[in-house]
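> Provided herewith: input_24.txt, compact mmCIF, C-alpha atoms.
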```txt
# COMPACT_ATOMS: atom_id res chain seq x y z
CA MET A 1 13.68 9.08 15.06
CA LEU A 2 15.65 7.09 17.56
CA PHE A 3 17.06 4.55 15.11
CA SER A 4 16.48 3.67 11.48
CA TYR A 5 14.89 0.66 9.87
CA GLN A 6 16.84 -1.51 7.45
CA TYR A 7 15.00 -1.77 4.15
CA ILE A 8 14.40 -5.33 2.94
CA THR A 9 13.76 -6.57 -0.58
CA HIS A 10 10.55 -8.53 -1.01
CA ASP A 11 8.22 -9.91 -3.67
CA LEU A 12 5.82 -7.08 -2.85
CA GLU A 13 8.14 -4.78 -4.78
CA LYS A 14 6.80 -6.42 -7.94
CA MET A 15 3.56 -4.50 -7.51
CA GLN A 16 5.44 -1.20 -7.73
CA GLY A 17 7.21 -2.54 -10.81
CA TYR A 18 3.89 -3.43 -12.44
CA MET A 19 2.58 0.07 -11.83
CA ASP A 20 5.82 1.55 -13.22
CA TYR A 21 5.17 -0.39 -16.41
CA ILE A 22 1.52 0.61 -16.60
CA PHE A 23 2.41 4.24 -16.05
CA TYR A 24 5.37 4.63 -18.40
CA GLU A 25 4.60 2.07 -21.11
CA VAL A 26 0.80 2.33 -21.30
CA TRP A 27 -0.58 5.54 -19.82
CA ILE A 28 2.16 7.97 -20.88
CA LYS A 29 2.34 6.40 -24.35
CA ALA A 30 -1.46 6.20 -24.73
CA HIS A 31 -1.52 8.82 -27.50
CA THR A 32 0.61 6.51 -29.69
CA LEU A 33 -0.99 3.14 -28.91
CA GLY A 34 -4.44 3.16 -30.46
CA ASP A 35 -7.29 1.51 -28.58
CA PHE A 36 -6.83 -0.10 -25.18
CA ASP A 37 -6.21 -3.82 -25.48
CA ILE A 38 -4.68 -6.52 -23.30
CA THR A 39 -1.88 -6.92 -25.86
CA LEU A 40 -0.47 -3.60 -24.64
CA PHE A 41 1.05 -5.63 -21.81
CA ASP A 42 2.70 -8.32 -23.96
CA ASP A 43 6.19 -7.11 -23.03
CA ASN A 44 5.55 -7.80 -19.34
CA GLU A 45 4.50 -11.44 -19.13
CA ASP A 46 3.88 -11.53 -15.39
CA LEU A 47 1.66 -8.48 -15.51
CA LEU A 48 -0.09 -9.79 -18.62
CA ASP A 49 -0.93 -13.04 -16.81
CA ILE A 50 -2.36 -11.10 -13.87
CA LEU A 51 -4.49 -8.85 -16.06
CA ASN A 52 -5.75 -11.78 -18.12
CA TYR A 53 -6.86 -13.48 -14.92
CA LEU A 54 -8.43 -10.34 -13.48
CA TYR A 55 -10.37 -9.47 -16.58
CA PHE A 56 -11.25 -12.77 -18.23
CA SER A 57 -11.53 -15.34 -15.45
CA ASP A 58 -15.08 -16.29 -14.46
CA THR A 59 -13.95 -16.56 -10.84
CA THR A 60 -12.42 -13.07 -10.62
CA PRO A 61 -14.07 -10.91 -7.93
CA GLU A 62 -15.70 -7.73 -9.15
CA TYR A 63 -12.89 -5.52 -7.87
CA GLY A 64 -10.48 -7.38 -10.16
CA LYS A 65 -12.45 -6.43 -13.23
CA ASN A 66 -12.83 -2.90 -11.82
CA PHE A 67 -9.05 -2.60 -11.58
CA VAL A 68 -8.58 -3.37 -15.29
CA SER A 69 -11.47 -1.09 -16.10
CA SER A 70 -9.85 1.75 -14.12
CA VAL A 71 -6.52 1.20 -15.88
CA LYS A 72 -8.40 1.57 -19.18
CA LYS A 73 -10.16 4.73 -18.01
CA VAL A 74 -6.84 6.35 -17.13
CA PHE A 75 -5.44 5.21 -20.48
CA ASP A 76 -8.31 6.86 -22.32
CA LEU A 77 -7.94 10.07 -20.32
CA CYS A 78 -4.19 10.16 -20.98
CA LYS A 79 -4.83 10.12 -24.73
CA SER A 80 -5.99 13.73 -24.53
CA LEU A 81 -2.98 15.02 -22.58
CA SER A 82 -0.73 17.54 -24.24
CA CYS A 83 3.01 16.96 -24.51
CA TRP A 84 3.54 19.38 -21.62
CA GLN A 85 0.98 17.54 -19.47
CA ARG A 86 2.57 14.15 -20.18
CA CYS A 87 5.98 15.52 -19.20
CA LYS A 88 4.55 17.04 -16.03
CA LEU A 89 2.76 13.83 -15.08
CA SER A 90 5.94 11.80 -15.64
CA TYR A 91 7.90 14.22 -13.49
CA TRP A 92 5.34 14.01 -10.69
CA TYR A 93 5.39 10.21 -10.78
CA LYS A 94 9.18 10.10 -10.58
CA VAL A 95 9.49 12.70 -7.84
CA ASN A 96 6.69 11.35 -5.64
CA ASN A 97 8.37 7.94 -5.52
CA ARG A 98 11.71 9.38 -4.40
CA ILE A 99 10.72 9.19 -0.75
CA GLU A 100 14.20 9.63 0.75
CA GLU A 101 14.99 12.69 -1.33
CA LEU A 102 11.63 14.24 -0.49
CA CYS A 103 12.34 13.72 3.21
CA ASN A 104 15.72 15.44 2.71
CA GLY A 105 14.05 18.53 1.33
CA LYS A 106 14.69 17.94 -2.35
CA TYR A 107 12.08 18.45 -5.04
CA LYS A 108 8.53 19.68 -4.82
CA PRO A 109 6.12 16.74 -4.62
CA ALA A 110 2.81 16.65 -6.46
CA LEU A 111 -0.47 16.64 -4.58
CA TYR A 112 -3.79 15.23 -5.68
CA SER A 113 -4.89 18.84 -5.93
CA ASP A 114 -2.24 19.31 -8.63
CA LEU A 115 -3.69 16.38 -10.55
CA ASP A 116 -7.14 17.91 -10.11
CA THR A 117 -5.99 21.05 -11.88
CA MET A 118 -4.73 18.95 -14.80
CA ILE A 119 -7.78 16.71 -15.24
CA GLU A 120 -10.05 16.10 -12.25
CA ALA A 121 -11.36 12.81 -13.66
CA LEU A 122 -7.77 11.57 -14.08
CA SER A 123 -6.95 12.42 -10.48
CA LYS A 124 -10.06 10.60 -9.26
CA GLU A 125 -9.29 7.42 -11.21
CA ILE A 126 -5.63 7.33 -10.15
CA LYS A 127 -6.59 7.75 -6.50
CA SER A 128 -9.15 4.96 -6.82
CA ILE A 129 -6.60 2.62 -8.37
CA TYR A 130 -3.97 3.20 -5.69
CA ASP A 131 -6.42 3.06 -2.80
CA ASN A 132 -7.70 -0.29 -4.08
CA LEU A 133 -4.20 -1.63 -4.70
CA TYR A 134 -3.33 -1.02 -1.09
CA SER A 135 -6.59 -2.28 0.40
CA GLN A 136 -7.60 -5.20 -1.84
CA SER A 137 -5.66 -8.29 -0.79
CA LYS A 138 -6.14 -10.14 -4.07
CA ILE A 139 -4.74 -7.56 -6.45
CA GLY A 140 -2.65 -5.37 -4.19
CA LEU A 141 -0.34 -5.95 -1.25
CA LYS A 142 -1.58 -9.48 -0.61
CA GLU A 143 1.67 -10.62 1.01
CA ILE A 144 1.88 -7.80 3.56
CA SER A 145 1.84 -10.30 6.44
CA THR A 146 4.82 -12.19 5.02
CA HIS A 147 6.61 -8.91 4.45
CA TYR A 148 6.04 -8.00 8.10
CA THR A 149 7.47 -11.32 9.29
CA ASP A 150 10.58 -10.90 7.16
CA PHE A 151 10.82 -7.26 8.14
CA VAL A 152 10.87 -7.81 11.90
CA MET A 153 13.30 -10.71 11.56
CA THR A 154 15.76 -8.16 10.19
CA ASN A 155 14.57 -5.17 12.23
CA ASN A 156 14.51 -6.96 15.55
CA LYS A 157 15.01 -4.32 18.22
CA GLY A 158 11.45 -5.10 19.30
CA VAL A 159 10.43 -1.51 19.95
CA CYS A 160 8.94 1.28 17.85
CA PRO A 161 11.77 3.51 16.55
CA PHE A 162 9.48 6.52 16.37
CA CYS A 163 8.93 6.68 20.14
CA GLY A 164 11.02 3.96 21.81
CA ILE A 165 8.20 3.49 24.31
CA TYR A 166 5.98 0.76 22.91
CA PRO A 167 7.00 -2.72 21.70
CA LEU A 168 6.32 -3.96 18.18
CA ASP A 169 4.78 -7.36 17.46
CA GLY A 170 7.54 -9.81 16.61
CA ALA A 171 7.98 -12.44 13.93
CA TYR A 172 6.23 -15.13 15.97
CA SER A 173 3.25 -13.03 17.01
CA LYS A 174 -0.19 -13.88 15.62
CA THR A 175 -0.78 -10.18 15.04
CA ARG A 176 1.26 -7.45 13.39
CA GLU A 177 1.62 -3.71 13.66
CA ALA A 178 -0.09 -1.49 11.10
CA TYR A 179 1.94 0.06 8.31
CA ASP A 180 1.99 3.84 8.20
CA HIS A 181 2.14 5.71 4.90
CA TYR A 182 4.95 8.01 5.98
CA LEU A 183 4.06 10.51 3.26
CA PRO A 184 0.24 10.40 3.49
CA LYS A 185 -1.31 8.50 0.58
CA SER A 186 -4.34 10.76 0.81
CA LYS A 187 -2.20 13.74 -0.22
CA TYR A 188 0.41 12.33 -2.59
CA PRO A 189 -0.49 10.37 -5.74
CA PHE A 190 1.50 7.26 -6.76
CA THR A 191 2.90 6.57 -3.25
CA ALA A 192 0.38 4.13 -1.74
CA ILE A 193 2.20 0.88 -2.59
CA ASN A 194 5.81 2.07 -2.53
CA LEU A 195 7.44 -0.02 0.20
CA LYS A 196 9.89 2.82 0.85
CA ASN A 197 6.91 4.85 2.02
CA LEU A 198 5.47 2.10 4.23
CA VAL A 199 6.76 1.67 7.77
CA PRO A 200 5.52 -0.48 10.66
CA MET A 201 4.68 1.74 13.59
CA CYS A 202 3.17 1.24 17.03
CA HIS A 203 -0.50 2.13 17.38
CA LYS A 204 0.16 5.14 19.63
CA CYS A 205 2.57 6.65 17.09
CA ASN A 206 0.47 5.77 14.06
CA SER A 207 -3.10 6.55 15.09
CA GLY A 208 -2.63 8.53 18.28
CA ASN A 209 0.06 10.99 17.22
CA LYS A 210 1.18 11.08 13.58
CA GLY A 211 -2.14 10.30 11.93
CA VAL A 212 -2.24 12.23 8.65
CA LYS A 213 0.41 14.78 9.68
CA ASN A 214 2.77 15.58 6.86
CA PRO A 215 6.49 14.97 7.54
CA ILE A 216 7.66 17.28 4.76
CA PHE A 217 5.28 20.23 5.30
CA ASP A 218 4.30 21.78 8.61
CA SER A 219 0.80 22.89 9.57
CA SER A 220 1.43 26.28 7.92
CA ASP A 221 2.40 24.54 4.68
CA ASN A 222 6.10 25.39 5.03
CA ARG A 223 8.57 22.91 3.53
CA ARG A 224 10.70 21.07 6.08
CA GLU A 225 13.09 18.13 6.36
CA ALA A 226 12.22 14.87 8.08
CA PHE A 227 13.96 11.64 8.99
CA TYR A 228 13.67 9.04 6.25
CA PRO A 229 12.89 5.80 8.13
CA TYR A 230 15.21 3.64 6.01
CA THR A 231 18.42 5.60 6.36
CA ASN A 232 20.77 6.11 9.28
CA SER A 233 19.21 8.45 11.80
CA THR A 234 21.17 11.00 13.78
CA ASP A 235 22.49 10.50 17.30
CA ILE A 236 19.93 12.04 19.59
CA LYS A 237 20.85 13.40 23.00
CA ILE A 238 18.18 13.74 25.67
CA GLU A 239 18.62 15.93 28.74
CA VAL A 240 16.19 16.24 31.66
CA LYS A 241 16.07 18.91 34.36
CA LEU A 242 13.49 18.99 37.14
CA SER A 243 12.34 22.13 38.90
CA SER A 244 10.82 20.10 41.72
CA SER A 245 12.35 17.44 43.94
CA ASP A 246 8.91 16.12 44.95
CA ILE A 247 9.08 13.09 42.67
CA GLN A 248 5.87 11.53 43.94
CA ASN A 249 3.90 14.59 42.86
CA LEU A 250 5.90 15.41 39.75
CA GLN A 251 4.00 17.26 37.00
CA PRO A 252 4.92 17.75 33.31
CA ALA A 253 5.36 21.47 34.00
CA ASP A 254 8.16 20.57 36.42
CA ILE A 255 10.20 18.98 33.65
CA ASP A 256 12.54 20.75 31.24
CA LEU A 257 13.19 18.29 28.40
CA THR A 258 15.86 19.08 25.81
CA ILE A 259 16.37 16.91 22.74
CA SER A 260 19.33 17.81 20.55
CA ALA A 261 21.02 16.23 17.54
CA THR A 262 23.34 17.01 14.66
CA GLU A 263 20.34 17.08 12.31
CA GLN A 264 18.25 19.35 14.49
CA ASP A 265 15.72 20.30 11.80
CA LYS A 266 14.82 16.65 11.24
CA THR A 267 14.77 16.05 14.98
CA ASP A 268 12.35 18.94 15.48
CA THR A 269 10.06 17.47 12.81
CA TRP A 270 10.19 14.08 14.51
CA GLN A 271 9.28 15.62 17.86
CA GLU A 272 6.29 17.44 16.38
CA LEU A 273 5.00 14.50 14.33
CA PHE A 274 4.99 12.08 17.25
CA GLY A 275 4.31 14.38 20.21
CA ILE A 276 7.61 13.34 21.76
CA ASP A 277 7.94 16.11 24.35
CA SER A 278 4.57 15.56 25.99
CA ARG A 279 4.77 11.77 25.77
CA TYR A 280 8.17 11.56 27.43
CA LYS A 281 7.16 13.99 30.17
CA GLU A 282 4.00 11.97 30.76
CA LEU A 283 6.11 8.83 31.14
CA PHE A 284 8.46 10.49 33.64
CA CYS A 285 5.45 11.54 35.74
CA SER A 286 3.83 8.10 35.61
CA ALA A 287 4.08 5.32 38.16
CA GLU A 288 6.62 3.64 35.88
CA GLY A 289 8.92 6.67 35.87
CA LYS A 290 8.72 6.98 39.63
CA ALA A 291 9.50 3.26 39.93
CA TRP A 292 12.79 3.82 38.11
CA ILE A 293 13.93 6.12 40.92
CA GLN A 294 12.54 3.84 43.59
CA GLN A 295 14.48 0.90 42.15
CA ILE A 296 17.79 2.75 42.43
CA THR A 297 17.16 3.91 46.01
CA ASP A 298 15.89 0.49 47.12
CA GLU A 299 18.66 -1.59 45.54
CA ALA A 300 21.68 0.60 46.30
CA PRO A 301 21.95 -0.45 50.01
CA ASP A 302 22.01 -4.12 48.98
CA PHE A 303 25.39 -3.43 47.36
CA ASP A 304 26.67 -1.14 50.12
CA MET A 305 26.41 1.87 47.83
CA ASN A 306 24.63 5.16 47.84
CA SER A 307 22.17 5.94 45.07
CA SER A 308 24.67 7.93 42.97
CA GLU A 309 27.27 5.15 43.04
CA TYR A 310 24.72 2.50 42.15
CA LEU A 311 23.31 4.62 39.34
CA GLU A 312 26.74 4.86 37.71
CA ILE A 313 26.89 1.06 37.57
CA LYS A 314 23.34 0.71 36.27
CA LYS A 315 24.01 3.36 33.59
CA LYS A 316 26.50 1.04 31.91
CA GLN A 317 23.84 -1.65 31.75
CA PHE A 318 21.25 0.80 30.41
CA GLU A 319 23.62 2.14 27.74
CA ARG A 320 24.49 -1.36 26.49
CA ASN A 321 20.81 -1.98 25.76
CA PRO A 322 19.33 1.49 25.23
CA TYR A 323 16.01 0.39 23.71
CA SER A 324 15.29 -2.39 26.16
CA GLU A 325 12.82 -1.37 28.87
CA LYS A 326 13.10 2.32 27.82
CA ASN A 327 16.70 2.49 29.08
CA PHE A 328 17.50 5.40 26.78
CA LEU A 329 15.06 7.48 28.84
CA LYS A 330 16.05 6.13 32.24
CA VAL A 331 19.57 7.53 32.06
CA PRO A 332 18.70 11.23 31.49
CA PHE A 333 15.75 11.05 33.88
CA LEU A 334 17.72 9.44 36.71
CA GLU A 335 20.55 11.97 36.24
CA TRP A 336 18.27 14.96 36.81
```
How does the structure come out when it is put into structure tokens?


Amino acid sequence: MLFSYQYITHDLEKMQGYMDYIFYEVWIKAHTLGDFDITLFDDNEDLLDILNYLYFSDTTPEYGKNFVSSVKKVFDLCKSLSCWQRCKLSYWYKVNNRIEELCNGKYKPALYSDLDTMIEALSKEIKSIYDNLYSQSKIGLKEISTHYTDFVMTNNKGVCPFCGIYPLDGAYSKTREAYDHYLPKSKYPFTAINLKNLVPMCHKCNSGNKGVKNPIFDSSDNRREAFYPYTNSTDIKIEVKLSSSDIQNLQPADIDLTISATEQDKTDTWQELFGIDSRYKELFCSAEGKAWIQQITDEAPDFDMNSSEYLEIKKKQFERNPYSEKNFLKVPFLEW
């Protein structure tokens, strides 16, 4: 990716902490705890208060009671797990929440299909719980809008780091960008509410290009490395060569686009996930790309310069603000 996000701490992290407690202190220890009871949560007062409200309040929506009921169902299913199965489940939970290390090629993550082979009913209940936690505003990520506001106040470049083409809604916008589950929540259990797996992304990158593509496995199911959105990304160099000088009729086939970086494997993954090659070529062939060239040729005479001389001056401006107005793409394109 073009630049990394800075991770921010937020109250939403409490939800992950609650699930950590439920997993390690209730589900994994189910075989030692007797019958399911609300007192199992006495050591976590905040979580206990939430569960008491969800289960016993007359005003609790049905999905609140369903959440507690699902937690109990998983608890009951975990009672029958063998020692080996409990160890395996604990390992999967730990590994699947190490998003950065998974992106760097470490560990083998667990899939829902792995849970299916252990106990299909357990897999189904866990998926239901996590899907509801993400989607139900009252018991899940209810403060996602406040997280987004805080997030873009810190990450304020104003453009999507996955493409650099489209702007992101800012802190004062009435709308916000959707969060992408970087490692797809449909594939990987226990990851749906981990904020380190949730990244704001422009609509074109999220729905139009990445979709449910898997950053850490290619389409042939081969393991690969990917950029982790919350760590420093590599310096990416973009080079453009044109086989045609007929700019007004430029076609993608006329463009040789080379993207290189020190972490080339991760860069290749990024290009594939977000369709970078075709999207950048499409931009160069658009009216906007042609206008970049027209601007240089039109303005140069006003400063008694030829186009090459004027471009050298403009390049300094572009390089000072690379992600403003797609400047990072203007430089290699105008140097063709």

> What's the 12 Å shell around Val95 of chain A, counting all atoms listed in the file, without same-chain residues fewer than 2 positions away, as a CSV table (one decimal) with C-alpha atoms, keeping the file's coordinate frame?


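Ended up saving to result-v4.csv:
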```
chain,number,residue,atom,x,y,z
A,88,LYS,CA,4.6,17.0,-16.0
A,89,LEU,CA,2.8,13.8,-15.1
A,90,SER,CA,5.9,11.8,-15.6
A,91,TYR,CA,7.9,14.2,-13.5
A,92,TRP,CA,5.3,14.0,-10.7
A,93,TYR,CA,5.4,10.2,-10.8
A,97,ASN,CA,8.4,7.9,-5.5
A,98,ARG,CA,11.7,9.4,-4.4
A,99,ILE,CA,10.7,9.2,-0.8
A,100,GLU,CA,14.2,9.6,0.8
A,101,GLU,CA,15.0,12.7,-1.3
A,102,LEU,CA,11.6,14.2,-0.5
A,103,CYS,CA,12.3,13.7,3.2
A,105,GLY,CA,14.0,18.5,1.3
A,106,LYS,CA,14.7,17.9,-2.4
A,107,TYR,CA,12.1,18.4,-5.0
A,108,LYS,CA,8.5,19.7,-4.8
A,109,PRO,CA,6.1,16.7,-4.6
A,110,ALA,CA,2.8,16.6,-6.5
A,111,LEU,CA,-0.5,16.6,-4.6
A,188,TYR,CA,0.4,12.3,-2.6
A,189,PRO,CA,-0.5,10.4,-5.7
A,190,PHE,CA,1.5,7.3,-6.8
A,191,THR,CA,2.9,6.6,-3.2
```

> Within 12 Å of Glu299 of chain A, counting all atoms listed in the file, which residues qualify if same-chain residues fewer than 5 places away don't, as an MDAnalysis selection string?

chainID A and resid 291:294 304:311 313:314

> Skip Pro200 of chain A itself and residues of its chain fewer than 5 positions away, then list as a list in words all residues within 9 Å of it, counting all atoms listed in the file.

Tyr148, Phe151, Cys160, Leu168, Arg176, Glu177, Ala178, Tyr179, Asp180 and Asn206 of chain A

> Pick the closest to Ile50 of chain A from A:Gly64, A:Phe303, A:Lys213, A:Thr149: which is it, counting all atoms listed in the file?

A:Gly64

> Hey, can you check how far atom CA of Leu273 of chain A sits from atom CA of Asn104 of chain A?

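For atom CA of Leu273 of chain A relative to atom CA of Asn104 of chain A, the distance reads 15.8 Å.
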
> In Å, rounded to a single decimal, give me how far atom CA of Cys78 of chain A is from atom CA of Ala121 of chain A.

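We find that atom CA of Ala121 of chain A and atom CA of Cys78 of chain A lie 10.6 Å from each other.
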
> Using only C-alpha atoms, which residue out of A:Tyr228, A:Phe36, A:Trp27, A:Phe217 lies closest to Asn197 of chain A?

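Ranked by minimum distance to Asn197 of chain A, first place goes to A:Tyr228.
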
> At a cut-off of 12 Å, using all atoms listed in the file, what residues contact Met19 of chain A? Leave out same-chain residues fewer than 4 positions from it and give the result as a PDB file with C-alpha atoms, keeping the file's coordinate frame.


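Result file follows (part_13.pdb):
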```
ATOM      1  CA  LEU A  12       5.820  -7.080  -2.850  1.00  0.00           C
ATOM      2  CA  GLU A  13       8.140  -4.780  -4.780  1.00  0.00           C
ATOM      3  CA  LYS A  14       6.800  -6.420  -7.940  1.00  0.00           C
ATOM      4  CA  MET A  15       3.560  -4.500  -7.510  1.00  0.00           C
ATOM      5  CA  PHE A  23       2.410   4.240 -16.050  1.00  0.00           C
ATOM      6  CA  TYR A  24       5.370   4.630 -18.400  1.00  0.00           C
ATOM      7  CA  GLU A  25       4.600   2.070 -21.110  1.00  0.00           C
ATOM      8  CA  VAL A  26       0.800   2.330 -21.300  1.00  0.00           C
ATOM      9  CA  TRP A  27      -0.580   5.540 -19.820  1.00  0.00           C
ATOM     10  CA  PHE A  41       1.050  -5.630 -21.810  1.00  0.00           C
ATOM     11  CA  ASN A  44       5.550  -7.800 -19.340  1.00  0.00           C
ATOM     12  CA  LEU A  47       1.660  -8.480 -15.510  1.00  0.00           C
ATOM     13  CA  PHE A  67      -9.050  -2.600 -11.580  1.00  0.00           C
ATOM     14  CA  VAL A  71      -6.520   1.200 -15.880  1.00  0.00           C
ATOM     15  CA  TYR A  93       5.390  10.210 -10.780  1.00  0.00           C
ATOM     16  CA  ASN A  97       8.370   7.940  -5.520  1.00  0.00           C
ATOM     17  CA  ILE A 126      -5.630   7.330 -10.150  1.00  0.00           C
ATOM     18  CA  ILE A 129      -6.600   2.620  -8.370  1.00  0.00           C
ATOM     19  CA  TYR A 130      -3.970   3.200  -5.690  1.00  0.00           C
ATOM     20  CA  LEU A 133      -4.200  -1.630  -4.700  1.00  0.00           C
ATOM     21  CA  ILE A 139      -4.740  -7.560  -6.450  1.00  0.00           C
ATOM     22  CA  GLY A 140      -2.650  -5.370  -4.190  1.00  0.00           C
ATOM     23  CA  PHE A 190       1.500   7.260  -6.760  1.00  0.00           C
ATOM     24  CA  THR A 191       2.900   6.570  -3.250  1.00  0.00           C
ATOM     25  CA  ALA A 192       0.380   4.130  -1.740  1.00  0.00           C
ATOM     26  CA  ILE A 193       2.200   0.880  -2.590  1.00  0.00           C
ATOM     27  CA  ASN A 194       5.810   2.070  -2.530  1.00  0.00           C
TER      28      ASN A 194
END
```

> From the list A:Ala30, A:Ile236, A:Cys163, A:Leu48, which residue is nearest Glu263 of chain A when using only C-alpha atoms?

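Using only C-alpha atoms, Glu263 of chain A sits closest to A:Ile236.
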
> Would you mind reading off the distance between atom CA of Phe227 of chain A and atom CA of Lys266 of chain A, one decimal, in Å?

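We find that atom CA of Phe227 of chain A and atom CA of Lys266 of chain A lie 5.6 Å from each other.
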
> Under the rule that all atoms listed in the file are counted, which of A:Ala300, A:Asp114, A:Glu225, A:Tyr280 is the nearest residue to Gln264 of chain A?

A:Glu225

> Tell me, as a list in words, which residues lie within 7 Å of Lys281 of chain A, counting only C-alpha atoms; anything in the same chain fewer than 3 positions away does not count.

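Here the qualifying residues turn out to be Pro252, Ile255, Asp277, Ser278, Phe284 and Cys285 of chain A.
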
> Quick one: 8 Å padding each side, axis-aligned, all listed atoms of segment 72-88 of chain A - centre and edge lengths in Å to one decimal, as JSON?


```
{"center_x": -2.1, "center_y": 10.5, "center_z": -20.4, "size_x": 32.1, "size_y": 33.8, "size_z": 24.7}
```

> Using only C-alpha atoms for the distances, tell me which of A:Trp336, A:Gln317, A:Phe3, A:Glu288 is nearest to Trp270 of chain A.

A:Phe3

> Measuring atom to atom with only C-alpha atoms, identify which of A:Tyr323, A:Thr269, A:Val331, A:Thr258 is nearest to Gly289 of chain A.

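The closest residue to Gly289 of chain A is A:Val331.
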